[in-house]
$ cat query.tsv   # TSV, C-alpha atoms
chain	number	residue	atom	x	y	z
A	1	MET	CA	31.23	15.92	21.63
A	2	LYS	CA	30.99	12.87	19.39
A	3	GLU	CA	28.31	13.22	16.76
A	4	LYS	CA	25.34	10.92	17.32
A	5	GLU	CA	25.26	8.27	14.63
A	6	PRO	CA	21.83	7.74	13.08
A	7	LYS	CA	20.21	4.34	13.41
A	8	ILE	CA	19.63	2.94	9.94
A	9	ILE	CA	17.88	-0.26	8.98
A	10	ALA	CA	18.69	-1.77	5.59
A	11	PHE	CA	16.34	-4.41	4.25
A	12	CYS	CA	18.52	-6.33	1.79
A	13	CYS	CA	17.69	-9.04	-0.70
A	14	HIS	CA	19.62	-12.26	-0.16
A	15	TYR	CA	20.39	-12.62	-3.87
A	16	CYS	CA	21.87	-9.18	-4.51
A	17	ALA	CA	22.31	-6.37	-1.99
A	18	PHE	CA	23.04	-8.70	0.94
A	19	THR	CA	25.70	-10.47	-1.12
A	20	ALA	CA	27.00	-7.06	-2.21
A	21	ALA	CA	27.27	-6.03	1.45
A	22	ASP	CA	29.19	-9.24	2.11
A	23	LEU	CA	31.45	-8.51	-0.84
A	24	ALA	CA	32.00	-4.97	0.39
A	25	GLY	CA	33.34	-6.48	3.61
A	26	THR	CA	35.55	-8.96	1.76
A	27	MET	CA	36.92	-6.11	-0.35
A	28	ARG	CA	37.66	-4.11	2.81
A	29	GLN	CA	35.30	-1.37	1.66
A	30	GLN	CA	34.31	0.94	4.51
A	31	TYR	CA	30.71	1.78	5.24
A	32	PRO	CA	29.06	3.13	8.41
A	33	THR	CA	28.68	0.63	11.25
A	34	ASN	CA	25.31	2.01	12.28
A	35	ILE	CA	23.60	0.33	9.35
A	36	HIS	CA	21.70	-2.69	10.61
A	37	ILE	CA	21.13	-5.15	7.81
A	38	VAL	CA	18.01	-7.31	7.73
A	39	ARG	CA	18.34	-10.10	5.20
A	40	LEU	CA	15.22	-10.91	3.22
A	41	PRO	CA	14.70	-13.76	0.73
A	42	CYS	CA	13.67	-11.06	-1.80
A	43	THR	CA	12.67	-7.41	-1.48
A	44	GLY	CA	9.24	-8.67	-2.55
A	45	LYS	CA	8.98	-9.71	1.10
A	46	VAL	CA	8.98	-6.03	2.10
A	47	ASP	CA	5.70	-4.97	3.59
A	48	VAL	CA	4.53	-1.45	4.45
A	49	ASN	CA	3.97	-2.55	8.05
A	50	MET	CA	7.60	-3.69	8.25
A	51	LEU	CA	8.90	-0.35	6.98
A	52	LEU	CA	6.73	1.72	9.32
A	53	GLN	CA	7.54	-0.52	12.27
A	54	ALA	CA	11.22	0.32	11.82
A	55	PHE	CA	10.37	4.01	12.31
A	56	VAL	CA	8.12	3.23	15.28
A	57	ASP	CA	11.13	1.40	16.76
A	58	GLU	CA	13.21	4.58	16.52
A	59	ALA	CA	15.02	4.06	13.23
A	60	ASP	CA	16.27	7.36	11.78
A	61	GLY	CA	16.37	6.01	8.26
A	62	VAL	CA	15.33	2.90	6.37
A	63	MET	CA	16.79	1.71	3.10
A	64	VAL	CA	15.52	-1.12	0.97
A	65	ALA	CA	18.07	-2.64	-1.39
A	66	GLY	CA	17.04	-5.09	-4.06
A	67	CYS	CA	18.15	-6.44	-7.40
A	68	GLU	CA	18.41	-4.32	-10.51
A	69	VAL	CA	15.19	-4.01	-12.51
A	70	GLY	CA	14.87	-7.12	-14.65
A	71	SER	CA	17.24	-9.19	-12.50
A	72	CYS	CA	14.96	-10.23	-9.64
A	73	HIS	CA	15.46	-13.88	-8.70
A	74	PHE	CA	11.68	-14.07	-8.30
A	75	LEU	CA	11.04	-12.03	-11.47
A	76	GLU	CA	9.34	-8.94	-10.08
A	77	GLY	CA	9.75	-8.88	-6.30
A	78	ASN	CA	11.90	-5.74	-6.52
A	79	ILE	CA	9.29	-3.93	-8.63
A	80	ARG	CA	6.61	-4.78	-6.08
A	81	ALA	CA	8.90	-3.59	-3.29
A	82	LYS	CA	9.43	-0.28	-5.09
A	83	LYS	CA	5.65	0.29	-5.18
A	84	ARG	CA	5.35	-0.55	-1.48
A	85	VAL	CA	8.21	1.79	-0.62
A	86	GLU	CA	6.43	4.58	-2.49
A	87	PHE	CA	3.21	3.81	-0.58
A	88	ALA	CA	5.08	3.73	2.73
A	89	LYS	CA	6.67	7.11	1.91
A	90	LYS	CA	3.18	8.54	1.46
A	91	LYS	CA	2.09	7.06	4.78
A	92	LEU	CA	5.16	8.52	6.52
A	93	GLU	CA	4.51	11.95	5.08
A	94	GLU	CA	0.89	11.82	6.29
A	95	ALA	CA	2.19	11.04	9.78
A	96	GLY	CA	4.57	14.02	9.66
A	97	ILE	CA	7.78	12.06	9.01
A	98	ASN	CA	10.12	13.22	6.24
A	99	PRO	CA	9.57	10.63	3.46
A	100	ASP	CA	13.19	11.03	2.34
A	101	LYS	CA	14.14	8.98	5.37
A	102	LEU	CA	13.03	5.95	3.41
A	103	ASP	CA	14.49	4.98	0.04
A	104	MET	CA	14.91	2.06	-2.30
A	105	TYR	CA	18.09	1.16	-4.15
A	106	HIS	CA	19.01	-1.44	-6.74
A	107	ILE	CA	22.39	-3.09	-6.13
A	108	ALA	CA	23.62	-6.21	-7.90
A	109	ALA	CA	25.49	-8.97	-6.03
A	110	SER	CA	28.79	-8.04	-7.68
A	111	GLU	CA	28.58	-4.38	-6.68
A	112	GLY	CA	30.26	-4.41	-3.26
A	113	PRO	CA	31.73	-0.93	-3.72
A	114	LEU	CA	28.33	0.43	-4.80
A	115	PHE	CA	26.73	-0.99	-1.63
A	116	ALA	CA	29.38	0.71	0.51
A	117	LYS	CA	28.96	3.99	-1.40
A	118	THR	CA	25.16	3.85	-1.16
A	119	ALA	CA	25.35	3.11	2.56
A	120	ARG	CA	27.69	6.08	3.10
A	121	GLU	CA	25.56	8.43	1.02
A	122	PHE	CA	22.30	7.33	2.65
A	123	THR	CA	23.84	7.81	6.11
A	124	ASP	CA	25.01	11.30	5.12
A	125	LYS	CA	21.55	12.12	3.80
A	126	ILE	CA	19.90	10.97	7.03
A	127	LYS	CA	22.42	12.95	9.08
A	128	SER	CA	21.67	16.13	7.18
A	129	ILE	CA	17.89	15.57	7.54
A	130	LEU	CA	18.34	15.09	11.28
A	131	GLU	CA	20.51	18.22	11.53
A	132	GLU	CA	17.86	20.17	9.67
A	133	GLU	CA	15.16	18.87	12.00
A	134	GLN	CA	17.28	19.76	15.01
A	135	LYS	CA	17.71	23.32	13.72
A	136	THR	CA	13.96	23.66	13.10
A	137	ALA	CA	13.19	22.34	16.59
A	138	GLU	CA	15.58	24.82	18.20
A	139	ALA	CA	14.32	27.77	16.17
B	140	MET	CA	-18.93	-6.83	-0.85
B	141	ILE	CA	-19.23	-3.47	0.86
B	142	VAL	CA	-16.46	-1.26	-0.50
B	143	ALA	CA	-14.93	1.46	1.64
B	144	GLU	CA	-11.86	3.66	1.57
B	145	GLN	CA	-9.80	5.10	4.35
B	146	LYS	CA	-10.51	8.65	5.43
B	147	PRO	CA	-7.67	11.16	5.04
B	148	PHE	CA	-5.12	10.51	7.79
B	149	GLU	CA	-5.34	14.09	9.02
B	150	GLU	CA	-9.08	13.68	9.69
B	151	ILE	CA	-8.54	10.39	11.53
B	152	PHE	CA	-5.72	11.80	13.65
B	153	GLU	CA	-7.73	14.89	14.50
B	154	ALA	CA	-10.59	12.68	15.73
B	155	VAL	CA	-8.46	10.63	18.12
B	156	LYS	CA	-5.35	12.61	19.01
B	157	ASP	CA	-6.64	13.96	22.30
B	158	TYR	CA	-7.41	10.56	23.78
B	159	ASP	CA	-4.88	8.68	25.91
B	160	LYS	CA	-5.81	5.18	24.84
B	161	ILE	CA	-7.74	3.98	21.83
B	162	LEU	CA	-8.60	0.64	20.30
B	163	LEU	CA	-8.12	0.47	16.54
B	164	LEU	CA	-10.61	-2.16	15.51
B	165	GLY	CA	-10.47	-3.81	12.09
B	166	CYS	CA	-13.00	-6.05	10.42
B	167	GLY	CA	-12.10	-9.33	8.74
B	168	THR	CA	-14.80	-9.37	6.08
B	169	CYS	CA	-15.58	-6.82	3.31
B	170	VAL	CA	-13.07	-4.13	4.32
B	171	THR	CA	-10.32	-6.74	4.52
B	172	VAL	CA	-11.04	-7.84	0.96
B	173	CYS	CA	-11.14	-4.24	-0.32
B	174	MET	CA	-7.87	-3.61	1.56
B	175	THR	CA	-9.18	-0.77	3.70
B	176	GLY	CA	-9.78	-2.01	7.22
B	177	GLY	CA	-8.33	-5.48	7.70
B	178	GLU	CA	-5.53	-6.63	9.97
B	179	LYS	CA	-2.84	-5.27	7.68
B	180	GLU	CA	-4.40	-1.83	7.34
B	181	VAL	CA	-4.96	-1.73	11.11
B	182	GLY	CA	-1.21	-2.31	11.49
B	183	ILE	CA	-0.31	0.47	9.07
B	184	LEU	CA	-2.76	2.99	10.52
B	185	SER	CA	-1.77	2.28	14.11
B	186	LYS	CA	1.89	2.87	13.26
B	187	GLN	CA	1.01	6.11	11.50
B	188	LEU	CA	-0.97	7.24	14.56
B	189	ARG	CA	1.91	6.38	16.90
B	190	LEU	CA	4.43	8.24	14.74
B	191	ALA	CA	2.15	11.28	14.37
B	192	ALA	CA	1.35	11.33	18.11
B	193	LYS	CA	5.04	11.13	19.02
B	194	LYS	CA	5.79	13.99	16.65
B	195	GLU	CA	3.16	16.14	18.39
B	196	ASN	CA	4.26	15.02	21.87
B	197	LYS	CA	0.95	13.33	22.57
B	198	ASN	CA	0.64	10.26	24.74
B	199	LEU	CA	-1.57	8.18	22.52
B	200	GLU	CA	-1.65	4.46	23.21
B	201	VAL	CA	-3.07	2.48	20.31
B	202	LEU	CA	-4.32	-1.07	20.87
B	203	GLU	CA	-4.90	-3.16	17.76
B	204	ARG	CA	-7.47	-5.82	17.10
B	205	THR	CA	-9.28	-7.24	14.09
B	206	ILE	CA	-12.37	-9.37	14.49
B	207	THR	CA	-14.06	-11.52	11.86
B	208	ARG	CA	-17.11	-9.29	11.49
B	209	GLN	CA	-18.07	-6.08	13.22
B	210	CYS	CA	-21.70	-6.34	12.07
B	211	ASP	CA	-22.34	-9.49	14.10
B	212	GLU	CA	-22.48	-9.60	17.89
B	213	GLU	CA	-21.13	-13.14	18.11
B	214	PHE	CA	-17.69	-12.04	16.92
B	215	PHE	CA	-17.24	-9.56	19.74
B	216	ASP	CA	-15.50	-12.04	22.05
B	217	GLU	CA	-14.90	-11.34	25.71
B	218	ASP	CA	-11.35	-10.16	25.19
B	219	THR	CA	-12.46	-7.65	22.55
B	220	ALA	CA	-15.34	-6.47	24.74
B	221	VAL	CA	-12.97	-5.90	27.68
B	222	LYS	CA	-10.63	-3.89	25.47
B	223	ILE	CA	-13.50	-1.83	24.04
B	224	LYS	CA	-14.61	-0.91	27.56
B	225	GLU	CA	-11.13	-0.05	28.86
B	226	VAL	CA	-10.20	2.48	26.17
B	227	ASP	CA	-11.22	6.12	25.82
B	228	ALA	CA	-12.48	5.58	22.27
B	229	VAL	CA	-12.76	2.91	19.61
B	230	LEU	CA	-11.47	3.84	16.17
B	231	SER	CA	-13.20	1.45	13.81
B	232	VAL	CA	-12.03	0.84	10.28
B	233	GLY	CA	-15.03	-1.40	9.61
B	234	CYS	CA	-17.76	-0.13	7.29
B	235	GLY	CA	-20.58	2.12	8.44
B	236	VAL	CA	-22.55	-0.94	9.53
B	237	GLY	CA	-19.76	-2.17	11.79
B	238	ILE	CA	-19.25	1.22	13.37
B	239	GLN	CA	-22.96	1.57	14.15
B	240	HIS	CA	-23.06	-1.94	15.54
B	241	ILE	CA	-20.27	-1.10	18.00
B	242	ALA	CA	-22.26	1.97	19.07
B	243	TYR	CA	-25.33	-0.25	19.50
B	244	LEU	CA	-23.55	-3.03	21.42
B	245	PHE	CA	-21.49	-0.70	23.62
B	246	PRO	CA	-23.74	2.33	24.28
B	247	ASP	CA	-21.29	3.96	26.73
B	248	VAL	CA	-18.30	3.83	24.42
B	249	VAL	CA	-17.13	6.60	22.09
B	250	VAL	CA	-16.71	5.34	18.51
B	251	ARG	CA	-14.78	7.12	15.77
B	252	SER	CA	-14.75	6.16	12.12
B	253	GLY	CA	-11.62	5.62	10.07
B	254	VAL	CA	-13.24	4.91	6.71
B	255	ASN	CA	-15.77	6.31	4.27
B	256	THR	CA	-18.16	3.54	3.23
B	257	LYS	CA	-18.73	3.78	-0.50
B	258	PHE	CA	-20.83	1.12	-2.22
B	259	PHE	CA	-21.65	-2.54	-2.90
B	260	GLY	CA	-19.14	-3.52	-5.51
B	261	ALA	CA	-17.12	-6.16	-7.27
B	262	ASN	CA	-13.37	-6.59	-7.48
B	263	MET	CA	-12.59	-5.91	-11.15
B	264	GLN	CA	-8.86	-6.47	-10.81
B	265	GLN	CA	-6.26	-6.11	-8.07
B	266	GLY	CA	-6.79	-2.62	-6.68
B	267	ILE	CA	-9.96	-1.74	-8.61
B	268	TRP	CA	-13.50	-2.01	-7.26
B	269	SER	CA	-16.60	-1.02	-9.12
B	270	GLU	CA	-20.17	-0.36	-7.99
B	271	ARG	CA	-22.61	-3.12	-8.95
B	272	CYS	CA	-25.60	-2.87	-6.61
B	273	ALA	CA	-27.51	0.03	-5.10
B	274	GLY	CA	-29.49	-2.10	-2.63
B	275	CYS	CA	-32.78	-0.75	-3.99
B	276	GLY	CA	-34.76	-3.57	-2.43
B	277	GLU	CA	-36.44	-4.86	-5.57
B	278	CYS	CA	-34.06	-6.54	-7.95
B	279	VAL	CA	-34.59	-5.81	-11.67
B	280	LEU	CA	-31.58	-7.75	-12.96
B	281	ASP	CA	-33.71	-10.35	-14.77
B	282	LYS	CA	-35.27	-7.65	-16.92
B	283	TYR	CA	-31.86	-6.38	-18.00
B	284	GLU	CA	-30.01	-9.68	-18.33
B	285	GLY	CA	-27.69	-9.19	-15.39
B	286	ILE	CA	-26.70	-5.53	-15.71
B	287	CYS	CA	-28.35	-3.20	-13.23
B	288	PRO	CA	-29.55	0.14	-14.63
B	289	ILE	CA	-30.11	1.44	-11.11
B	290	ALA	CA	-26.51	0.94	-10.03
B	291	ARG	CA	-24.71	1.31	-13.34
B	292	CYS	CA	-26.60	4.09	-15.12
B	293	SER	CA	-25.66	7.41	-13.49
B	294	LYS	CA	-29.31	8.44	-13.69
B	295	GLY	CA	-30.75	5.07	-12.69
B	296	LEU	CA	-32.96	5.05	-15.81
B	297	MET	CA	-35.33	2.13	-16.23
B	298	ASN	CA	-35.74	2.98	-19.94
B	299	GLY	CA	-32.51	4.17	-21.47
B	300	PRO	CA	-30.10	5.24	-22.68
B	301	CYS	CA	-30.38	9.00	-22.34
B	302	GLY	CA	-28.91	11.55	-24.75
B	303	GLY	CA	-25.75	11.76	-22.65
B	304	SER	CA	-24.42	8.43	-23.80
B	305	SER	CA	-21.55	8.86	-26.25
B	306	GLU	CA	-19.15	6.20	-27.55
B	307	GLY	CA	-20.01	3.95	-24.64
B	308	MET	CA	-19.27	6.57	-22.00
B	309	CYS	CA	-21.52	8.57	-19.69
B	310	GLU	CA	-21.82	12.36	-19.85
B	311	VAL	CA	-21.42	12.59	-16.07
B	312	ASP	CA	-17.72	11.73	-16.52
B	313	PRO	CA	-16.92	10.71	-20.11
B	314	GLU	CA	-13.35	9.77	-19.13
B	315	ASN	CA	-14.16	7.35	-16.35
B	316	ILE	CA	-17.79	6.26	-16.27
B	317	GLU	CA	-19.05	3.70	-18.75
B	318	CYS	CA	-22.64	4.10	-19.91
B	319	GLY	CA	-24.63	1.39	-18.10
B	320	TRP	CA	-27.22	1.41	-20.83
B	321	GLN	CA	-24.63	0.85	-23.55
B	322	GLN	CA	-23.58	-2.24	-21.59
B	323	ILE	CA	-27.17	-3.40	-21.28
B	324	TYR	CA	-27.65	-2.93	-25.05
B	325	ASP	CA	-24.41	-4.77	-25.89
B	326	ARG	CA	-25.36	-7.67	-23.66
B	327	MET	CA	-28.88	-7.95	-25.04
B	328	LYS	CA	-27.40	-7.95	-28.54
B	329	ARG	CA	-24.92	-10.68	-27.64
B	330	LEU	CA	-27.72	-12.80	-26.16
B	331	ASN	CA	-29.94	-12.02	-29.16
B	332	LYS	CA	-32.58	-10.48	-26.90
B	333	LEU	CA	-32.73	-6.92	-28.22
B	334	ASP	CA	-36.52	-7.18	-28.56
B	335	LYS	CA	-36.70	-7.24	-24.76
B	336	LEU	CA	-35.66	-3.58	-24.80
B	337	LEU	CA	-38.81	-2.66	-26.75
B	338	GLU	CA	-40.83	-3.30	-23.61
B	339	ASN	CA	-41.50	-0.10	-21.74
B	340	GLN	CA	-40.66	-0.48	-18.05
B	341	PRO	CA	-42.96	1.29	-15.57
B	342	PRO	CA	-41.48	3.72	-13.04
B	343	LYS	CA	-39.72	1.93	-10.22
B	344	ASP	CA	-41.37	1.62	-6.82
B	345	TRP	CA	-38.86	3.37	-4.61
B	346	SER	CA	-40.69	2.52	-1.39
B	347	THR	CA	-38.52	-0.60	-1.19
B	348	HIS	CA	-35.43	1.62	-1.18
B	349	ARG	CA	-34.62	4.48	1.19
B	350	ASP	CA	-37.92	6.20	0.43
B	351	GLY	CA	-39.61	3.63	2.63
B	352	GLY	CA	-37.36	4.53	5.59
B	353	PRO	CA	-34.70	2.33	7.26
B	354	ARG	CA	-35.34	-1.26	6.23
B	355	LYS	CA	-35.46	-4.41	8.28
B	356	ILE	CA	-35.88	-8.09	7.46
B	357	VAL	CA	-37.54	-10.37	10.01
B	358	ARG	CA	-37.25	-14.12	9.50
B	359	GLU	CA	-39.36	-15.74	12.17
B	360	ASP	CA	-38.28	-19.22	11.04
B	361	MET	CA	-34.70	-18.33	11.91
B	362	MET	CA	-35.39	-16.70	15.25
B	363	PHE	CA	-34.91	-18.33	18.62
B	364	ASP	CA	-37.93	-18.51	20.85

$ encode --input "query.tsv" --output "structure tokens"
Amino acid sequence: MKEKEPKIIAFCCHYCAFTAADLAGTMRQQYPTNIHIVRLPCTGKVDVNMLLQAFVDEADGVMVAGCEVGSCHFLEGNIRAKKRVEFAKKKLEEAGINPDKLDMYHIAASEGPLFAKTAREFTDKIKSILEEEQKTAEA
Amino acid sequence: MIVAEQKPFEEIFEAVKDYDKILLLGCGTCVTVCMTGGEKEVGILSKQLRLAAKKENKNLEVLERTITRQCDEEFFDEDTAVKIKEVDAVLSVGCGVGIQHIAYLFPDVVVRSGVNTKFFGANMQQGIWSERCAGCGECVLDKYEGICPIARCSKGLMNGPCGGSSEGMCEVDPENIECGWQQIYDRMKRLNKLDKLLENQPPKDWSTHRDGGPRKIVREDMMFD
């Protein structure tokens, strides 16, 4: 039977990670097709409600990808996003959801291959979390 | 403003998990400003409740609403009132006043509280609130040039400081609590009014505070006939 692909939402900054994802495509870099990219003007737009809503809407994993520290187009949007991601992780844990299903990454616009690698690794991580949960549920 | 903080999620979930349908009601005034029970926090908490309920295979429907003020009947519009009556319980993230007002306005409805109401405080910086008023009913701020010994001295001393004041900090928690009386002294010194502190203040009349029982203000000039 074909393995069920996890549903992953990636909130990407227009100025870096989104461009990197675009570049990954141009460079013919492979990354899983189950990653749904949501383009944001800056990861500073990320709100805890937005992250939790993705899980309410059945996402298996959520990644937030912004500029490298010090390179934010809006100076510190990515640093604010990082804090919100940490807060959202806490909220997920309280609700009984594995907080590792949510993570933040910093990917510059020129790093197409890094975006593809991060997307692959995050998908693998989510798959192994889901497998683990499946085993626990069956036990 | 009234400052509150959210109860532990576990406690909130325990209080509502066995209902089928609840209304999570936020308040748009003090608890919005102290980032505890406004529209945004209602959104976060309702999502947490949905995720936790799903995890435990519970059928918990969570309606969301935030009104301007829970402590004022006029803000309970018809739509809100209908929702309050149709659910099994209202989970309010308003302060203790708001929660009690829901219980008063809707006597047949079960109300659960999502916050712990803390104090009357000021916003010192983003994310930090500090107690400034104890609501004692008889303001003494003029005597102390704008720093309240009742709210800001751990012992509420009218004539201070006590022997527990050291390097500007209070013995109750020398790491975190500033000595209110040190602040009073520093302010008097700055205003060149240190001689005011030589006056001995008589014991405070606590009958205007909780010792006089629940308080009420009646303004006949403001009442409708």

$ closest_residue --input "query.tsv" --among "A:Glu86, A:Asp47, A:Glu68, A:Asp124" --to "A:Ile35" --atoms "all atoms listed in the file"
A:Asp124

$ atom_distance --input "query.tsv" --atom1 "atom CA of A:Ala21" --atom2 "atom CA of A:Lys101"
20.3 Å

$ interface_residues --input "query.tsv" --of "chain A" --to "chain B" --cutoff "6 Å" --atoms "only C-alpha atoms" --output "list in words"
Asn49, Ala95 and Gly96 of chain A

$ closest_residue --input "query.tsv" --among "A:Ala88, A:Ile8, A:Met104, A:Ala139" --to "A:Leu52" --atoms "all atoms listed in the file"
A:Ala88

$ atom_distance --input "query.tsv" --atom1 "atom CA of B:Glu153" --atom2 "atom CA of B:Glu225"
21.0 Å

$ residues_near_point --input "query.tsv" --point "(-8.4, -1.7, 5.6)" --cutoff "12 Å" --atoms "only C-alpha atoms" --output "PyMOL selection string"
chain B and resi 141-146+163-185+205+231-234+253-256
